[in-house]
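Asks: model_39.pdb is the file, holding PDB, C-alpha atoms:
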ATOM      1  CA  MET A   1      -7.796  39.987  73.340
ATOM      2  CA  GLY A   2      -7.877  38.016  76.568
ATOM      3  CA  ASP A   3      -5.795  35.101  75.276
ATOM      4  CA  SER A   4      -2.820  34.075  77.439
ATOM      5  CA  VAL A   5       0.331  32.129  76.589
ATOM      6  CA  GLN A   6       3.133  30.821  78.797
ATOM      7  CA  LEU A   7       6.676  31.810  77.861
ATOM      8  CA  ALA A   8       9.448  29.216  78.152
ATOM      9  CA  VAL A   9      12.995  30.583  78.406
ATOM     10  CA  THR A  10      16.149  28.589  77.651
ATOM     11  CA  MET A  11      19.788  29.471  77.026
ATOM     12  CA  LYS A  12      21.144  29.445  73.466
ATOM     13  CA  THR A  13      24.278  27.380  72.799
ATOM     14  CA  TRP A  14      26.303  26.522  69.714
ATOM     15  CA  PHE A  15      24.378  23.243  69.532
ATOM     16  CA  GLY A  16      20.854  24.452  70.287
ATOM     17  CA  THR A  17      19.543  25.313  73.737
ATOM     18  CA  LYS A  18      19.951  24.204  77.336
ATOM     19  CA  PRO A  19      18.127  24.964  80.602
ATOM     20  CA  LEU A  20      19.008  28.115  82.499
ATOM     21  CA  ILE A  21      21.251  27.655  85.526
ATOM     22  CA  HIS A  22      18.992  29.884  87.650
ATOM     23  CA  PRO A  23      15.560  30.047  85.954
ATOM     24  CA  GLU A  24      14.086  31.647  89.089
ATOM     25  CA  ARG A  25      16.146  34.778  88.357
ATOM     26  CA  THR A  26      14.412  35.430  85.043
ATOM     27  CA  GLN A  27      12.696  38.816  84.863
ATOM     28  CA  TYR A  28      10.195  39.859  82.215
ATOM     29  CA  ILE A  29       9.276  43.229  80.765
ATOM     30  CA  SER A  30       6.543  44.215  78.312
ATOM     31  CA  ASN A  31       7.248  46.824  75.650
ATOM     32  CA  TRP A  32       3.675  48.191  75.923
ATOM     33  CA  GLU A  33       1.804  47.013  79.012
ATOM     34  CA  SER A  34      -1.495  48.441  77.705
ATOM     35  CA  MET A  35      -1.173  46.025  74.754
ATOM     36  CA  ALA A  36       0.267  42.903  76.364
ATOM     37  CA  VAL A  37       0.909  42.308  80.057
ATOM     38  CA  VAL A  38       3.481  39.833  81.309
ATOM     39  CA  GLU A  39       3.165  38.320  84.765
ATOM     40  CA  PRO A  40       6.175  37.495  86.966
ATOM     41  CA  ASP A  41       5.976  33.817  85.939
ATOM     42  CA  GLY A  42       6.101  34.629  82.205
ATOM     43  CA  LYS A  43       2.414  34.396  81.313
ATOM     44  CA  VAL A  44       1.564  36.935  78.589
ATOM     45  CA  THR A  45      -1.988  38.184  77.969
ATOM     46  CA  ALA A  46      -3.245  40.410  75.154
ATOM     47  CA  VAL A  47      -5.129  43.367  76.653
ATOM     48  CA  GLY A  48      -5.289  46.058  73.962
ATOM     49  CA  THR A  49      -4.549  47.301  70.457
ATOM     50  CA  TRP A  50      -5.199  51.020  71.127
ATOM     51  CA  GLY A  51      -8.335  50.847  68.987
ATOM     52  CA  GLN A  52      -6.660  49.216  65.983
ATOM     53  CA  ALA A  53      -7.662  45.928  64.332
ATOM     54  CA  LYS A  54      -4.074  44.658  64.713
ATOM     55  CA  GLU A  55      -0.969  45.707  66.617
ATOM     56  CA  THR A  56       2.457  44.302  67.490
ATOM     57  CA  THR A  57       4.504  44.457  70.664
ATOM     58  CA  ASN A  58       7.513  42.771  72.255
ATOM     59  CA  VAL A  59       8.030  40.991  75.552
ATOM     60  CA  MET A  60      11.612  40.641  76.802
ATOM     61  CA  ALA A  61      13.279  38.300  79.270
ATOM     62  CA  PHE A  62      16.447  38.975  81.278
ATOM     63  CA  ASN A  63      18.507  36.538  83.328
ATOM     64  CA  GLY A  64      21.821  37.996  84.495
ATOM     65  CA  SER A  65      23.729  38.981  81.348
ATOM     66  CA  LEU A  66      21.385  36.920  79.161
ATOM     67  CA  LYS A  67      18.477  38.493  77.327
ATOM     68  CA  GLY A  68      15.936  37.600  74.686
ATOM     69  CA  SER A  69      12.646  38.784  73.255
ATOM     70  CA  VAL A  70       9.583  37.552  71.414
ATOM     71  CA  ARG A  71       7.317  39.583  69.168
ATOM     72  CA  PHE A  72       3.554  39.223  69.442
ATOM     73  CA  SER A  73       0.932  40.014  66.841
ATOM     74  CA  LEU A  74      -2.199  41.204  68.624
ATOM     75  CA  ARG A  75      -5.689  41.122  67.140
ATOM     76  CA  GLY A  76      -8.600  43.285  68.205
ATOM     77  CA  GLU A  77     -11.036  40.380  68.374
ATOM     78  CA  GLY A  78     -11.009  37.591  70.946
ATOM     79  CA  PRO A  79     -12.718  36.528  74.154
ATOM     80  CA  GLY A  80     -11.582  39.639  76.014
ATOM     81  CA  PRO A  81     -11.474  39.608  79.813
ATOM     82  CA  THR A  82     -13.244  36.656  81.426
ATOM     83  CA  LEU A  83     -13.401  38.293  84.868
ATOM     84  CA  ASP A  84     -15.449  41.417  85.610
ATOM     85  CA  PHE A  85     -13.235  44.017  87.289
ATOM     86  CA  VAL A  86     -15.425  46.784  88.731
ATOM     87  CA  VAL A  87     -14.021  49.878  90.454
ATOM     88  CA  GLU A  88     -16.445  52.362  91.998
ATOM     89  CA  ALA A  89     -14.920  55.475  90.419
ATOM     90  CA  PRO A  90     -15.774  57.836  87.499
ATOM     91  CA  ASP A  91     -15.075  56.577  83.975
ATOM     92  CA  VAL A  92     -12.291  58.025  81.819
ATOM     93  CA  LEU A  93     -13.345  58.221  78.168
ATOM     94  CA  ASP A  94     -10.464  60.121  76.529
ATOM     95  CA  MET A  95      -7.503  57.772  77.071
ATOM     96  CA  ARG A  96      -5.752  57.056  73.760
ATOM     97  CA  THR A  97      -3.890  54.075  75.212
ATOM     98  CA  ALA A  98      -6.959  52.504  76.815
ATOM     99  CA  THR A  99      -6.985  48.724  76.957
ATOM    100  CA  CYS A 100      -9.622  46.620  75.280
ATOM    101  CA  CYS A 101     -12.997  45.875  76.780
ATOM    102  CA  SER A 102     -12.567  47.647  80.141
ATOM    103  CA  THR A 103     -13.268  51.364  80.604
ATOM    104  CA  PRO A 104     -10.545  53.156  82.625
ATOM    105  CA  VAL A 105     -11.527  54.993  85.807
ATOM    106  CA  ARG A 106     -10.234  58.075  87.640
ATOM    107  CA  LEU A 107      -8.877  58.343  91.187
ATOM    108  CA  MET A 108      -7.569  61.489  92.812
ATOM    109  CA  GLU A 109      -4.482  61.519  95.017
ATOM    110  CA  GLY A 110      -5.098  59.754  98.309
ATOM    111  CA  GLN A 111      -8.583  58.602  97.308
ATOM    112  CA  GLN A 112      -9.830  55.200  98.428
ATOM    113  CA  VAL A 113     -12.499  53.330  96.449
ATOM    114  CA  ARG A 114     -14.198  49.959  96.494
ATOM    115  CA  PHE A 115     -13.519  47.324  93.853
ATOM    116  CA  ARG A 116     -14.759  43.838  93.051
ATOM    117  CA  VAL A 117     -13.555  41.049  90.784
ATOM    118  CA  SER A 118     -16.102  38.393  89.843
ATOM    119  CA  ARG A 119     -16.519  35.481  87.496
ATOM    120  CA  ARG A 120     -18.899  35.729  84.555
ATOM    121  CA  ASP A 121     -20.962  32.814  85.754
ATOM    122  CA  PRO A 122     -24.685  32.901  86.613
ATOM    123  CA  GLN A 123     -23.824  33.496  90.278
ATOM    124  CA  HIS A 124     -21.296  36.298  89.515
ATOM    125  CA  THR A 125     -19.013  34.548  91.986
ATOM    126  CA  ASP A 126     -16.861  37.022  93.919
ATOM    127  CA  VAL A 127     -13.162  36.205  93.522
ATOM    128  CA  THR A 128     -11.747  39.491  94.838
ATOM    129  CA  ARG A 129      -9.813  37.896  97.683
ATOM    130  CA  ARG A 130      -6.433  36.308  97.102
ATOM    131  CA  THR A 131      -7.526  33.435  99.345
ATOM    132  CA  VAL A 132      -9.704  32.095  96.507
ATOM    133  CA  GLY A 133      -6.726  31.984  94.132
ATOM    134  CA  THR A 134      -6.814  35.463  92.574
ATOM    135  CA  ARG A 135      -3.498  37.216  92.113
ATOM    136  CA  TYR A 136      -2.928  40.832  91.155
ATOM    137  CA  THR A 137      -0.115  42.214  89.015
ATOM    138  CA  LEU A 138       0.475  45.969  88.894
ATOM    139  CA  PHE A 139       1.982  47.959  86.032
ATOM    140  CA  PHE A 140       3.247  51.529  86.362
ATOM    141  CA  GLY A 141       4.387  52.384  82.826
ATOM    142  CA  SER A 142       7.748  50.607  82.955
ATOM    143  CA  GLY A 143       6.437  47.297  81.606
ATOM    144  CA  VAL A 144       7.922  45.458  84.596
ATOM    145  CA  PRO A 145       5.323  43.535  86.622
ATOM    146  CA  ASN A 146       5.023  44.854  90.194
ATOM    147  CA  ASP A 147       7.960  47.201  89.585
ATOM    148  CA  ALA A 148       9.165  48.599  92.929
ATOM    149  CA  ASN A 149      10.832  51.573  91.222
ATOM    150  CA  PRO A 150       9.222  52.276  87.823
ATOM    151  CA  ALA A 151      10.615  55.837  87.748
ATOM    152  CA  GLN A 152      14.043  54.311  87.115
ATOM    153  CA  ILE A 153      12.840  53.249  83.642
ATOM    154  CA  ILE A 154      10.195  55.821  82.722
ATOM    155  CA  GLY A 155      12.008  58.810  84.243
ATOM    156  CA  TYR A 156       9.116  60.242  86.263
ATOM    157  CA  GLY A 157       6.487  59.253  88.826
ATOM    158  CA  GLN A 158       8.930  58.904  91.701
ATOM    159  CA  GLY A 159       7.211  57.253  94.658
ATOM    160  CA  ILE A 160       4.364  55.690  92.650
ATOM    161  CA  ASN A 161       4.765  51.935  93.116
ATOM    162  CA  PRO A 162       3.114  48.899  94.764
ATOM    163  CA  ALA A 163       3.887  50.320  98.207
ATOM    164  CA  SER A 164       1.997  53.596  97.591
ATOM    165  CA  PHE A 165      -0.724  52.274  95.254
ATOM    166  CA  ARG A 166      -2.418  49.655  97.407
ATOM    167  CA  VAL A 167      -4.800  46.866  96.389
ATOM    168  CA  ASP A 168      -6.451  45.571  99.568
ATOM    169  CA  ASP A 169      -8.229  42.416  98.402
ATOM    170  CA  ALA A 170      -9.425  41.487 101.907
ATOM    171  CA  ARG A 171     -11.449  44.697 102.218
ATOM    172  CA  GLY A 172     -12.059  45.189  98.498
ATOM    173  CA  MET A 173     -10.416  48.622  98.511
ATOM    174  CA  ILE A 174      -7.946  50.381  96.211
ATOM    175  CA  THR A 175      -6.005  53.323  97.626
ATOM    176  CA  ALA A 176      -4.278  55.883  95.397
ATOM    177  CA  PRO A 177      -0.882  57.324  96.400
ATOM    178  CA  ALA A 178      -1.082  60.363  98.669
ATOM    179  CA  SER A 179       0.803  62.337  96.013
ATOM    180  CA  ILE A 180       1.799  61.909  92.367
ATOM    181  CA  GLY A 181       4.306  64.760  92.647
ATOM    182  CA  GLY A 182       4.269  67.419  89.969
ATOM    183  CA  LEU A 183       2.342  65.251  87.486
ATOM    184  CA  ASN A 184      -1.197  66.102  86.401
ATOM    185  CA  HIS A 185      -2.022  62.427  85.905
ATOM    186  CA  PHE A 186      -0.444  58.970  85.905
ATOM    187  CA  THR A 187      -1.887  55.641  84.727
ATOM    188  CA  VAL A 188      -1.710  52.343  86.618
ATOM    189  CA  LEU A 189      -2.908  49.026  85.169
ATOM    190  CA  VAL A 190      -4.165  46.371  87.584
ATOM    191  CA  PHE A 191      -4.278  42.853  86.111
ATOM    192  CA  ALA A 192      -6.153  40.055  87.877
ATOM    193  CA  ARG A 193      -5.869  36.319  87.285
ATOM    194  CA  ASN A 194      -7.870  33.482  88.814
ATOM    195  CA  GLY A 195      -6.784  30.212  87.225
ATOM    196  CA  ALA A 196      -7.288  30.601  83.478
ATOM    197  CA  GLU A 197      -9.651  33.566  83.905
ATOM    198  CA  VAL A 198      -8.332  37.112  83.601
ATOM    199  CA  GLY A 199      -9.521  40.680  83.981
ATOM    200  CA  TRP A 200      -7.940  44.121  84.089
ATOM    201  CA  LYS A 201      -8.576  47.753  84.895
ATOM    202  CA  GLN A 202      -6.648  50.921  84.064
ATOM    203  CA  ILE A 203      -6.720  53.603  86.724
ATOM    204  CA  ARG A 204      -5.804  57.201  85.961
ATOM    205  CA  LEU A 205      -4.400  58.889  89.036
ATOM    206  CA  VAL A 206      -5.170  62.609  88.976
ATOM    207  CA  HIS A 207      -3.458  65.440  90.827
ATOM    208  CA  ALA A 208      -6.085  67.087  93.015
ATOM    209  CA  ALA A 209      -5.327  70.607  91.741
ATOM    210  CA  ALA A 210      -5.511  69.438  88.118
ATOM    211  CA  ALA A 211      -8.933  67.907  88.782
ATOM    212  CA  LEU A 212     -10.188  71.225  90.156
ATOM    213  CA  VAL A 213      -8.981  73.073  87.052
ATOM    214  CA  LYS A 214     -11.039  70.735  84.896
TER     215      LYS A 214
END
Transcribe the structure of this file into C-alpha cells.
Replies:
Amino acid sequence: MGDSVQLAVTMKTWFGTKPLIHPERTQYISNWESMAVVEPDGKVTAVGTWGQAKETTNVMAFNGSLKGSVRFSLRGEGPGPTLDFVVEAPDVLDMRTATCCSTPVRLMEGQQVRFRVSRRDPQHTDVTRRTVGTRYTLFFGSGVPNDANPAQIIGYGQGINPASFRVDDARGMITAPASIGGLNHFTVLVFARNGAEVGWKQIRLVHAAAALVK
C-alpha cells in the first residue's frame, strides 16, 4: 500500500516492440480504483485490498485501436499514504470497498467542507495548493482518471464529474455536487500527489433525503 510504479507503453510488432506513434493519446483505466489508482501519466499506486491480506487488479491502456493490460498483485502491508489528507466531514465506517489507511468521510449534496493535505514531516508542511507541486486526480467509479462522463461506463451518476465535484486547492475547499439524482449515495476518490509523496481520501456523497431517513 502506497507504493507507486510508472507504466511504460509500447506497440507490439512481429519482431518485438516499437514506440507508439502518438504516445500522448494513451488513456489509462483501473479495474478497481479503490485498489489501485492510475494517474493520467500512467503512474499506478496501490491504495487498498478491501481488508484482505492480498488482492489482484488490472490496469489497462488504450491508444486508438491498440489496447493492453497489466495485472498487479497488491499486498495489505506497505508504507501506506505518505501525505495526510484531512477533510472536515463525518467519518464513514461501514464502507466495504474502503481504501487502506484513510477513513472515508461523508458529504451531503451541495455541501462545502474544508480540506488540507500536508507532509508527514515535523512541520506538517501544508501542500494543499497546486502551486507547491500537488496535483489531484479524481475517480468516480469508472476507473478513468478525471473522467468527464463516468456515467457512460458505470451506467448511473449522470452529472457527477470533475465539473460538479470541485476541489478548490487555493481556498482548501471541497464542494459536493448540488444533486446526485435518484441515488442514495455515490463514492468519489480524491488522490493527491506531491513529488513521490501520495495521499488519498474517499468521499461518500449522500442524498439529503437519505441522510434524514438515517
Asks: Name the residues that the PyMOL selection byres ((chain A and resi 158-173) around 7) picks from the file above, as a tab-separated table (two decimals) with C-alpha atoms, in the coordinates of the input, using the file's chain letters and numbers.
Replies:
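Final output, saved to result-v4.tsv:
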chain	number	residue	atom	x	y	z
A	112	GLN	CA	-9.83	55.20	98.43
A	113	VAL	CA	-12.50	53.33	96.45
A	114	ARG	CA	-14.20	49.96	96.49
A	115	PHE	CA	-13.52	47.32	93.85
A	116	ARG	CA	-14.76	43.84	93.05
A	128	THR	CA	-11.75	39.49	94.84
A	129	ARG	CA	-9.81	37.90	97.68
A	130	ARG	CA	-6.43	36.31	97.10
A	140	PHE	CA	3.25	51.53	86.36
A	146	ASN	CA	5.02	44.85	90.19
A	147	ASP	CA	7.96	47.20	89.58
A	148	ALA	CA	9.16	48.60	92.93
A	149	ASN	CA	10.83	51.57	91.22
A	150	PRO	CA	9.22	52.28	87.82
A	151	ALA	CA	10.62	55.84	87.75
A	156	TYR	CA	9.12	60.24	86.26
A	157	GLY	CA	6.49	59.25	88.83
A	174	ILE	CA	-7.95	50.38	96.21
A	175	THR	CA	-6.00	53.32	97.63
A	176	ALA	CA	-4.28	55.88	95.40
A	177	PRO	CA	-0.88	57.32	96.40
A	180	ILE	CA	1.80	61.91	92.37
Asks: Rounded to one decimal in Å, what is the spacing between atom CA of Arg25 of chain A and atom CA of Gly2 of chain A?
Replies: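 One can read the atom CA of Arg25 of chain A to atom CA of Gly2 of chain A distance as 27.0 Å.
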Asks: Given the file shown, enumerate the residues that the PyMOL selection byres ((chain A and resi 35) around 7) captures and present them as a PDB file with C-alpha atoms, keeping the file's coordinate frame.
Replies:
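File written: part-v7.pdb
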ATOM      1  CA  TRP A  32       3.675  48.191  75.923  1.00  0.00           C
ATOM      2  CA  GLU A  33       1.804  47.013  79.012  1.00  0.00           C
ATOM      3  CA  SER A  34      -1.495  48.441  77.705  1.00  0.00           C
ATOM      4  CA  ALA A  36       0.267  42.903  76.364  1.00  0.00           C
ATOM      5  CA  VAL A  37       0.909  42.308  80.057  1.00  0.00           C
ATOM      6  CA  ALA A  46      -3.245  40.410  75.154  1.00  0.00           C
ATOM      7  CA  VAL A  47      -5.129  43.367  76.653  1.00  0.00           C
ATOM      8  CA  GLY A  48      -5.289  46.058  73.962  1.00  0.00           C
ATOM      9  CA  THR A  49      -4.549  47.301  70.457  1.00  0.00           C
ATOM     10  CA  THR A  99      -6.985  48.724  76.957  1.00  0.00           C
TER      11      THR A  99
END
Asks: Set the distance at 9 Å and use all atoms listed in the file: which residues neighbour segment 191-205 of chain A once local chain neighbours fewer than 6 positions away are removed? I'd like the list as an MDAnalysis selection string.
Replies: chainID A and resid 2:4 34 37 39 45 47 80:87 92 98:99 102:109 117 119 127:128 130 132:139 176:177 180 184:185
Asks: How many Å lie between atom CA of Ser30 of chain A and atom CA of Thr13 of chain A, rounded to one decimal?
Replies: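 Separation between atom CA of Ser30 of chain A and atom CA of Thr13 of chain A: 25.1 Å.
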Asks: Show which residues sit within 9 Å of segment 19-22 of chain A, as a ChimeraX atom specification. Count only C-alpha atoms, and ignore same-chain residues fewer than 2 positions away.
Replies: /A:9-12,17,24-26,63
